[in-house]
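start_19.pdb (PDB, C-alpha atoms)
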MODEL        1
ATOM      1  CA  MET M   1       0.000   0.000   0.000
ATOM      2  CA  SER M   2       2.849   2.420   0.816
ATOM      3  CA  GLY M   3       4.304   1.607  -2.601
ATOM      4  CA  ARG M   4       1.071   2.638  -4.316
ATOM      5  CA  LEU M   5       1.074   5.900  -2.359
ATOM      6  CA  SER M   6       4.653   6.532  -3.431
ATOM      7  CA  ARG M   7       3.712   6.183  -7.094
ATOM      8  CA  LYS M   8       0.649   8.435  -6.748
ATOM      9  CA  ILE M   9       2.341  11.437  -5.122
ATOM     10  CA  PRO M  10       4.541  13.696  -7.283
ATOM     11  CA  VAL M  11       8.104  14.179  -6.084
ATOM     12  CA  GLY M  12       9.176  17.567  -4.794
ATOM     13  CA  ALA M  13       8.897  20.131  -2.031
ATOM     14  CA  CYS M  14       6.361  22.945  -1.959
ATOM     15  CA  PRO M  15       6.689  25.847   0.485
ATOM     16  CA  LEU M  16       3.376  27.686   0.777
ATOM     17  CA  PHE M  17       3.404  31.459   1.114
ATOM     18  CA  PHE M  18       0.419  33.741   0.594
ATOM     19  CA  PRO M  19       1.394  37.323   1.537
ATOM     20  CA  ALA M  20      -1.964  39.015   0.883
ATOM     21  CA  ARG M  21      -4.153  37.725   3.718
ATOM     22  CA  THR M  22      -7.443  39.492   4.349
ATOM     23  CA  ALA M  23      -8.435  37.526   7.459
ATOM     24  CA  PRO M  24      -6.594  35.760  10.297
ATOM     25  CA  LEU M  25      -6.269  32.040   9.537
ATOM     26  CA  HIS M  26      -5.308  29.885  12.509
ATOM     27  CA  ALA M  27      -4.577  26.601  10.710
ATOM     28  CA  MET M  28      -2.157  26.871   7.823
ATOM     29  CA  ALA M  29       0.392  24.693   6.019
ATOM     30  CA  SER M  30       3.797  26.259   5.547
ATOM     31  CA  GLY M  31       5.399  23.429   3.602
ATOM     32  CA  LEU M  32       4.630  20.035   2.078
ATOM     33  CA  GLY M  33       6.544  17.532   0.024
ATOM     34  CA  HIS M  34       7.435  14.029  -1.114
ATOM     35  CA  MET M  35      11.150  13.303  -0.862
ATOM     36  CA  THR M  36      13.713  10.517  -0.928
ATOM     37  CA  GLU M  37      16.804  11.327   1.132
ATOM     38  CA  THR M  38      20.045   9.417   0.536
ATOM     39  CA  SER M  39      22.623  11.571   2.337
ATOM     40  CA  PRO M  40      23.464  11.539   6.065
ATOM     41  CA  ALA M  41      23.467  15.341   5.768
ATOM     42  CA  TYR M  42      19.688  14.986   6.240
ATOM     43  CA  ASP M  43      19.659  15.703   9.975
ATOM     44  CA  TRP M  44      17.137  17.993  11.721
ATOM     45  CA  HIS M  45      17.364  19.200  15.325
ATOM     46  CA  GLY M  46      14.165  20.413  16.959
ATOM     47  CA  LEU M  47      15.857  23.298  18.772
ATOM     48  CA  LYS M  48      17.679  24.557  15.660
ATOM     49  CA  ARG M  49      14.699  25.384  13.454
ATOM     50  CA  GLY M  50      13.915  28.887  14.629
ATOM     51  CA  ARG M  51      11.561  30.109  17.338
ATOM     52  CA  SER M  52       8.242  29.939  15.510
ATOM     53  CA  GLU M  53       5.942  27.133  16.615
ATOM     54  CA  PHE M  54       4.822  24.557  14.075
ATOM     55  CA  VAL M  55       4.061  20.845  13.808
ATOM     56  CA  LEU M  56       5.262  18.093  11.490
ATOM     57  CA  PHE M  57       3.548  14.995  10.115
ATOM     58  CA  GLN M  58       6.089  12.894   8.214
ATOM     59  CA  TYR M  59       4.914   9.541   6.871
ATOM     60  CA  THR M  60       7.520   6.981   5.822
ATOM     61  CA  LEU M  61       6.851   5.211   2.516
ATOM     62  CA  ALA M  62      10.111   3.286   2.064
ATOM     63  CA  GLY M  63      13.553   2.988   3.620
ATOM     64  CA  ARG M  64      14.091   4.078   7.197
ATOM     65  CA  GLY M  65      15.399   6.837   9.418
ATOM     66  CA  ARG M  66      16.052   7.485  13.103
ATOM     67  CA  LEU M  67      14.123   9.613  15.589
ATOM     68  CA  ARG M  68      14.981  10.854  19.052
ATOM     69  CA  ALA M  69      12.177  12.537  21.008
ATOM     70  CA  GLY M  70      12.653  13.181  24.694
ATOM     71  CA  ASP M  71      14.395  10.130  26.155
ATOM     72  CA  ARG M  72      13.176   7.829  23.381
ATOM     73  CA  GLU M  73      15.200   6.860  20.314
ATOM     74  CA  CYS M  74      13.780   4.545  17.680
ATOM     75  CA  GLU M  75      13.908   3.456  14.057
ATOM     76  CA  VAL M  76      11.374   5.039  11.715
ATOM     77  CA  THR M  77      10.043   2.439   9.278
ATOM     78  CA  PRO M  78       7.441   2.343   6.475
ATOM     79  CA  GLY M  79       3.890   2.747   7.709
ATOM     80  CA  THR M  80       4.870   4.984  10.619
ATOM     81  CA  ALA M  81       4.371   8.725  11.037
ATOM     82  CA  MET M  82       6.490  11.143  13.019
ATOM     83  CA  LEU M  83       4.226  13.532  14.933
ATOM     84  CA  LEU M  84       6.413  16.345  16.226
ATOM     85  CA  HIS M  85       6.188  19.955  17.312
ATOM     86  CA  PHE M  86       8.842  22.656  17.274
ATOM     87  CA  PRO M  87      10.768  24.079  18.995
ATOM     88  CA  ALA M  88      11.306  20.941  21.124
ATOM     89  CA  HIS M  89      13.937  18.448  22.194
ATOM     90  CA  ASN M  90      13.819  16.140  19.190
ATOM     91  CA  ARG M  91      16.020  15.096  16.302
ATOM     92  CA  TYR M  92      15.484  12.973  13.208
ATOM     93  CA  TRP M  93      18.057  11.907  10.664
ATOM     94  CA  LEU M  94      19.174   9.432   8.003
ATOM     95  CA  PRO M  95      21.877   7.186   9.497
ATOM     96  CA  ALA M  96      25.182   6.967   7.661
ATOM     97  CA  ALA M  97      25.195   3.555   5.974
ATOM     98  CA  ALA M  98      25.886   2.224   2.501
ATOM     99  CA  GLY M  99      22.755   2.350   0.385
ATOM    100  CA  ALA M 100      20.691   4.071   3.090
ATOM    101  CA  SER M 101      17.585   5.916   1.916
ATOM    102  CA  TRP M 102      14.421   7.346   3.430
ATOM    103  CA  GLU M 103      11.318   8.092   1.356
ATOM    104  CA  PHE M 104       8.453  10.006   2.935
ATOM    105  CA  PHE M 105       5.855  12.684   2.458
ATOM    106  CA  TYR M 106       5.400  15.449   4.978
ATOM    107  CA  LEU M 107       3.197  18.348   6.057
ATOM    108  CA  CYS M 108       4.294  21.297   8.211
ATOM    109  CA  LEU M 109       1.406  23.200   9.828
ATOM    110  CA  HIS M 110       1.239  26.231  12.079
ATOM    111  CA  GLY M 111      -1.328  28.568  13.610
ATOM    112  CA  LEU M 112      -3.012  29.080  16.964
ATOM    113  CA  GLU M 113      -5.654  26.413  16.358
ATOM    114  CA  VAL M 114      -3.096  23.857  15.211
ATOM    115  CA  MET M 115      -0.947  24.425  18.288
ATOM    116  CA  ARG M 116      -3.982  24.312  20.596
ATOM    117  CA  LEU M 117      -5.158  20.939  19.288
ATOM    118  CA  TRP M 118      -1.852  19.234  18.540
ATOM    119  CA  PRO M 119      -1.183  18.111  22.155
ATOM    120  CA  ARG M 120      -4.256  15.865  21.877
ATOM    121  CA  VAL M 121      -2.687  14.181  18.838
ATOM    122  CA  GLU M 122       0.656  13.734  20.605
ATOM    123  CA  GLN M 123      -1.011  12.412  23.740
ATOM    124  CA  ALA M 124      -2.846   9.697  21.817
ATOM    125  CA  HIS M 125      -0.008   8.649  19.524
ATOM    126  CA  GLY M 126       3.300   9.800  20.958
ATOM    127  CA  PRO M 127       6.057  11.130  18.676
ATOM    128  CA  LEU M 128       5.995   8.067  16.395
ATOM    129  CA  ALA M 129       2.807   6.253  15.425
ATOM    130  CA  GLU M 130       1.997   3.259  13.280
ATOM    131  CA  ILE M 131      -0.780   4.403  10.931
ATOM    132  CA  ALA M 132      -2.238   2.294   8.143
ATOM    133  CA  PRO M 133      -1.654   3.632   4.615
ATOM    134  CA  ASP M 134      -5.421   3.686   4.017
ATOM    135  CA  ALA M 135      -6.182   5.621   7.214
ATOM    136  CA  GLU M 136      -7.899   8.970   6.655
ATOM    137  CA  PRO M 137      -4.990  11.197   7.799
ATOM    138  CA  VAL M 138      -2.591   9.406   5.444
ATOM    139  CA  ARG M 139      -5.015   9.518   2.517
ATOM    140  CA  LEU M 140      -5.862  13.192   3.056
ATOM    141  CA  GLY M 141      -2.234  14.099   3.670
ATOM    142  CA  ALA M 142      -1.182  12.449   0.409
ATOM    143  CA  GLU M 143      -3.977  14.255  -1.450
ATOM    144  CA  PHE M 144      -2.974  17.601   0.097
ATOM    145  CA  VAL M 145       0.682  17.129  -0.893
ATOM    146  CA  THR M 146      -0.341  16.097  -4.419
ATOM    147  CA  ALA M 147      -2.650  19.103  -4.812
ATOM    148  CA  ALA M 148       0.071  21.488  -3.615
ATOM    149  CA  LEU M 149       2.776  20.020  -5.856
ATOM    150  CA  GLU M 150       0.444  20.139  -8.863
ATOM    151  CA  GLY M 151      -0.311  23.814  -8.263
ATOM    152  CA  GLN M 152      -3.934  23.298  -7.232
ATOM    153  CA  VAL M 153      -3.645  25.113  -3.873
ATOM    154  CA  THR M 154      -3.797  28.700  -5.072
ATOM    155  CA  SER M 155      -4.935  30.726  -2.059
ATOM    156  CA  ALA M 156      -4.443  30.955   1.683
ATOM    157  CA  PHE M 157      -8.098  30.028   2.158
ATOM    158  CA  GLU M 158      -7.675  26.782   0.215
ATOM    159  CA  ALA M 159      -4.502  25.953   2.135
ATOM    160  CA  SER M 160      -6.231  26.642   5.456
ATOM    161  CA  ALA M 161      -9.257  24.522   4.492
ATOM    162  CA  TRP M 162      -6.989  21.613   3.579
ATOM    163  CA  SER M 163      -5.074  22.084   6.858
ATOM    164  CA  TYR M 164      -8.232  22.082   9.006
ATOM    165  CA  ARG M 165      -9.597  19.029   7.235
ATOM    166  CA  TRP M 166      -6.377  17.088   7.730
ATOM    167  CA  LEU M 167      -6.101  18.175  11.372
ATOM    168  CA  MET M 168      -9.654  16.999  12.071
ATOM    169  CA  ALA M 169      -8.805  13.600  10.574
ATOM    170  CA  MET M 170      -5.840  13.333  12.942
ATOM    171  CA  LEU M 171      -8.017  14.305  15.911
ATOM    172  CA  ALA M 172     -10.616  11.696  14.974
ATOM    173  CA  LEU M 173      -7.919   9.028  14.851
ATOM    174  CA  ALA M 174      -6.494  10.246  18.161
ATOM    175  CA  SER M 175      -9.913  10.079  19.794
ATOM    176  CA  ALA M 176     -10.421   6.504  18.589
ATOM    177  CA  ARG M 177      -7.067   5.443  20.033
ATOM    178  CA  GLU M 178      -7.163   7.320  23.326
ATOM    179  CA  SER M 179      -9.407   4.860  25.123
ATOM    180  CA  HIS M 180      -6.927   2.078  24.375
ATOM    181  CA  ALA M 181      -3.692   3.943  24.999
ATOM    182  CA  PRO M 182      -1.785   2.896  28.141
ATOM    183  CA  HIS M 183      -1.778   5.604  30.821
ATOM    184  CA  ALA M 184      -4.012   7.839  28.655
ATOM    185  CA  ALA M 185      -6.526   8.457  31.445
ATOM    186  CA  ALA M 186      -3.834   9.402  33.974
ATOM    187  CA  LEU M 187      -2.042  11.723  31.563
ATOM    188  CA  GLU M 188      -5.343  13.310  30.557
ATOM    189  CA  ARG M 189      -6.142  13.885  34.235
ATOM    190  CA  ALA M 190      -2.814  15.668  34.684
ATOM    191  CA  ARG M 191      -3.361  17.733  31.538
ATOM    192  CA  ARG M 192      -6.825  18.805  32.677
ATOM    193  CA  TYR M 193      -5.465  19.712  36.089
ATOM    194  CA  ALA M 194      -2.833  21.923  34.459
ATOM    195  CA  GLU M 195      -5.441  23.543  32.180
ATOM    196  CA  GLU M 196      -7.801  24.254  35.084
ATOM    197  CA  HIS M 197      -5.062  25.883  37.163
ATOM    198  CA  LEU M 198      -3.245  27.618  34.315
ATOM    199  CA  ALA M 199      -4.208  31.111  35.482
ATOM    200  CA  GLU M 200      -2.706  30.654  38.936
ATOM    201  CA  ALA M 201       0.657  32.277  39.578
ATOM    202  CA  PRO M 202       3.076  30.570  39.749
ATOM    203  CA  GLY M 203       0.592  27.900  38.619
ATOM    204  CA  PRO M 204       0.906  24.115  38.581
ATOM    205  CA  GLY M 205       4.296  22.493  38.278
ATOM    206  CA  VAL M 206       5.508  19.032  37.360
ATOM    207  CA  GLU M 207       5.085  17.791  40.940
ATOM    208  CA  GLU M 208       1.409  18.801  41.011
ATOM    209  CA  MET M 209       0.767  17.272  37.587
ATOM    210  CA  ALA M 210       2.398  14.005  38.648
ATOM    211  CA  ARG M 211       0.230  13.963  41.775
ATOM    212  CA  ALA M 212      -2.889  14.517  39.658
ATOM    213  CA  ALA M 213      -1.846  11.549  37.500
ATOM    214  CA  GLY M 214      -1.244   9.395  40.568
ATOM    215  CA  MET M 215       2.392   8.759  39.638
ATOM    216  CA  SER M 216       5.830   9.494  40.970
ATOM    217  CA  ARG M 217       7.469  12.526  39.404
ATOM    218  CA  PHE M 218      10.082  10.363  37.678
ATOM    219  CA  HIS M 219       7.549   7.922  36.207
ATOM    220  CA  PHE M 220       5.205  10.729  35.151
ATOM    221  CA  THR M 221       7.961  12.743  33.493
ATOM    222  CA  ARG M 222       9.171   9.705  31.551
ATOM    223  CA  LEU M 223       5.681   8.798  30.293
ATOM    224  CA  PHE M 224       4.693  12.394  29.571
ATOM    225  CA  THR M 225       7.863  13.086  27.607
ATOM    226  CA  ALA M 226       7.499   9.873  25.605
ATOM    227  CA  GLN M 227       3.902  10.763  24.721
ATOM    228  CA  PHE M 228       4.341  14.463  23.974
ATOM    229  CA  GLY M 229       7.970  14.661  22.862
ATOM    230  CA  ALA M 230       8.659  17.351  25.481
ATOM    231  CA  PRO M 231       9.146  17.325  29.267
ATOM    232  CA  PRO M 232       6.085  18.461  31.266
ATOM    233  CA  GLY M 233       7.742  21.700  32.388
ATOM    234  CA  GLU M 234       8.441  22.656  28.783
ATOM    235  CA  TRP M 235       4.885  21.700  27.793
ATOM    236  CA  LEU M 236       3.462  23.896  30.570
ATOM    237  CA  LEU M 237       5.447  26.908  29.413
ATOM    238  CA  GLY M 238       4.393  26.343  25.810
ATOM    239  CA  ARG M 239       0.749  26.045  26.848
ATOM    240  CA  ARG M 240       0.939  29.330  28.787
ATOM    241  CA  ILE M 241       2.546  31.083  25.829
ATOM    242  CA  ARG M 242      -0.154  29.789  23.451
ATOM    243  CA  GLU M 243      -2.906  30.961  25.790
ATOM    244  CA  ALA M 244      -1.219  34.354  26.010
ATOM    245  CA  ALA M 245      -1.078  34.524  22.194
ATOM    246  CA  ARG M 246      -4.788  33.747  22.026
ATOM    247  CA  LEU M 247      -5.631  36.497  24.525
ATOM    248  CA  LEU M 248      -3.360  39.005  22.804
ATOM    249  CA  ARG M 249      -5.171  38.443  19.517
ATOM    250  CA  GLY M 250      -8.694  37.904  20.769
ATOM    251  CA  THR M 251      -9.021  40.481  23.556
ATOM    252  CA  GLU M 252      -7.971  44.011  24.453
ATOM    253  CA  LEU M 253      -6.822  43.036  27.935
ATOM    254  CA  PRO M 254      -3.711  44.875  29.146
ATOM    255  CA  LEU M 255      -0.461  42.916  29.063
ATOM    256  CA  LYS M 256      -0.256  42.741  32.855
ATOM    257  CA  GLU M 257      -3.705  41.114  33.045
ATOM    258  CA  ILE M 258      -2.810  38.607  30.312
ATOM    259  CA  ALA M 259       0.397  37.713  32.143
ATOM    260  CA  MET M 260      -1.557  36.996  35.343
ATOM    261  CA  ARG M 261      -4.228  34.981  33.507
ATOM    262  CA  CYS M 262      -1.537  32.783  32.006
ATOM    263  CA  GLY M 263       0.212  32.045  35.290
ATOM    264  CA  PHE M 264       3.051  34.595  35.108
ATOM    265  CA  ARG M 265       3.422  36.495  38.356
ATOM    266  CA  GLU M 266       5.838  39.061  36.886
ATOM    267  CA  PRO M 267       4.905  40.899  33.642
ATOM    268  CA  GLY M 268       8.592  41.395  32.873
ATOM    269  CA  TYR M 269       9.276  37.661  33.012
ATOM    270  CA  PHE M 270       6.202  37.034  30.867
ATOM    271  CA  GLY M 271       7.505  39.477  28.266
ATOM    272  CA  ARG M 272      10.931  37.831  28.164
ATOM    273  CA  MET M 273       9.514  34.304  27.865
ATOM    274  CA  PHE M 274       6.999  35.331  25.198
ATOM    275  CA  HIS M 275       9.734  37.032  23.174
ATOM    276  CA  GLU M 276      12.021  34.013  23.526
ATOM    277  CA  LYS M 277       9.362  31.550  22.351
ATOM    278  CA  THR M 278       7.735  33.572  19.559
ATOM    279  CA  GLY M 279      10.503  35.899  18.424
ATOM    280  CA  GLN M 280       8.365  38.978  19.191
ATOM    281  CA  PRO M 281       7.517  41.005  22.301
ATOM    282  CA  PRO M 282       3.841  40.648  23.333
ATOM    283  CA  GLY M 283       2.922  44.144  22.146
ATOM    284  CA  SER M 284       4.464  43.637  18.702
ATOM    285  CA  PHE M 285       2.804  40.235  18.397
ATOM    286  CA  ARG M 286      -0.597  41.797  19.129
ATOM    287  CA  LYS M 287      -0.113  44.400  16.393
ATOM    288  CA  SER M 288       1.395  42.118  13.755
ATOM    289  CA  GLY M 289      -1.664  39.946  13.030
ATOM    290  CA  VAL M 290       0.597  36.968  12.149
TER     291      VAL M 290
ENDMDL
END

Can you dump the structure from the file as structure tokens?
Amino acid sequence: MSGRLSRKIPVGACPLFFPARTAPLHAMASGLGHMTETSPAYDWHGLKRGRSEFVLFQYTLAGRGRLRAGDRECEVTPGTAMLLHFPAHNRYWLPAAAGASWEFFYLCLHGLEVMRLWPRVEQAHGPLAEIAPDAEPVRLGAEFVTAALEGQVTSAFEASAWSYRWLMAMLALASARESHAPHAAALERARRYAEEHLAEAPGPGVEEMARAAGMSRFHFTRLFTAQFGAPPGEWLLGRRIREAARLLRGTELPLKEIAMRCGFREPGYFGRMFHEKTGQPPGSFRKSGV
């Protein structure tokens, strides 16, 4: 089945850029492609790809690569999808070996809605998931890549519609798997606890999340990192920054109030962290409309 997909999808990479936006679009693809890598120079580090947040779905069609996410390192084989977010502690690469190759198609998505919903996908699947070639996310992803490479995605609205549709397919698959995933209920309990107490300053920490999950801190951190591809402390900070971004865009609340609502006791610290994670101070981010 992966072989048939490989033959159906054109080869190439397609960055998507639509400068003339007339409305804010919160689910958008920034790049798609179908590639075969044969050089060990193919090596991506999750903390060396800039500060902007985005997610990656990369589905292996043939060959194999390596992935390290959190404390987990594994081989990436045909029929599996890497489900990663950036910036984060991850790395994927083609090992140096005679005749090594890695064929895949990929989608890179960004936007407030993508980043809000992506943790649900990571929680259900972890950073590497076995997904059947005829599953809806794979089928839609292949169609999206094909449409982009054939020049059929001609506006930001079309790209956003494709992105939403694909994201909903991933969420549907995640929902179907969640009830069967080991530790899913405990991790979901910890996530909900963090969400419910997000506005408290200094807010919940890893110890409180582990207690909500009914686990030791060590065990919780290991499971959480394996599922999400990021340690819980890093996830908490990212969640606070995303909530702040939502409030900056969707409300006229003063920056000090937004900082408090997102669990930052000191507005100055909030400003520094927001700038570090997004590349813009909060005030500039609010005005930019990106």

I'd like to see the residues matched by the PyMOL selection byres ((chain M and resi 146) around 10) on this file, and ideally I'd get them as a list in words.
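Checking the PyMOL selection byres ((chain M and resi 146) around 10) against this file, the residues are Lys8, Ile9, Pro10, Val11, Gly12, Cys14, Leu32, Gly33, His34, Phe105, Leu140, Gly141, Ala142, Glu143, Phe144, Val145, Ala147, Ala148, Leu149, Glu150, Gly151, Gln152 and Val153 of chain M.
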
Expressed in Å to a single decimal, how great is the separation between CA of Tyr164 in chain M and CA of Ala27 in chain M?
6.1 Å

Out of M:Leu107, M:Ala88, M:Ala129, M:Ala23, which residue has the shortest atom-to-atom distance to Arg49 in chain M when counting all atoms listed in the file?
M:Ala88

Name all residues at most 10 Å from Thr80 in chain M (count only C-alpha atoms; drop same-chain ones fewer than 4 positions away) and give them as a ChimeraX atom specification.
/M:58-61,64,75-76,104,128-133

Convert the output of the PyMOL selection byres ((chain M and resi 265) around 12) on the shown file into explicit residues, formatted as a list of chain:residue names.
M:Leu198, M:Ala199, M:Glu200, M:Ala201, M:Pro202, M:Gly203, M:Leu255, M:Lys256, M:Glu257, M:Ile258, M:Ala259, M:Met260, M:Arg261, M:Cys262, M:Gly263, M:Phe264, M:Glu266, M:Pro267, M:Gly268, M:Tyr269, M:Phe270, M:Gly271

Hits from the PyMOL selection byres ((chain M and resi 137) around 7), listed as a list in words
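When the PyMOL selection byres ((chain M and resi 137) around 7) is applied, the selected residues are Ala135, Glu136, Val138, Arg139, Leu140, Gly141, Trp166, Ala169 and Met170 of chain M.
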
Would you mind exporting C-alpha atoms of the selected residues as an mmCIF file, in the coordinates of the input?
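Result written to out-v2.cif:
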data_model
loop_
_atom_site.group_PDB
_atom_site.id
_atom_site.type_symbol
_atom_site.label_atom_id
_atom_site.label_comp_id
_atom_site.auth_asym_id
_atom_site.auth_seq_id
_atom_site.Cartn_x
_atom_site.Cartn_y
_atom_site.Cartn_z
ATOM 1 C CA ALA M 135 -6.182 5.621 7.214
ATOM 2 C CA GLU M 136 -7.899 8.970 6.655
ATOM 3 C CA VAL M 138 -2.591 9.406 5.444
ATOM 4 C CA ARG M 139 -5.015 9.518 2.517
ATOM 5 C CA LEU M 140 -5.862 13.192 3.056
ATOM 6 C CA GLY M 141 -2.234 14.099 3.670
ATOM 7 C CA TRP M 166 -6.377 17.088 7.730
ATOM 8 C CA ALA M 169 -8.805 13.600 10.574
ATOM 9 C CA MET M 170 -5.840 13.333 12.942
#

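The space separating CA of Met215 in chain M from CA of Arg189 in chain M comes to 11.3 Å.
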
Using Å and a single decimal, report how far CA of Pro232 in chain M sits from CA of His26 in chain M.
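These two atoms are separated by 24.7 Å.
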
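Counting all atoms listed in the file, the residue from M:Arg286, M:His45, M:Arg51, M:His110 that sits nearest to His89 in chain M is M:His45.
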
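By chain and then residue number, the residues within 6 Å of Trp93 in chain M are Tyr42, Asp43, Gly65 and Arg66 of chain M, counting all atoms listed in the file and disregarding those fewer than 4 positions away in sequence.
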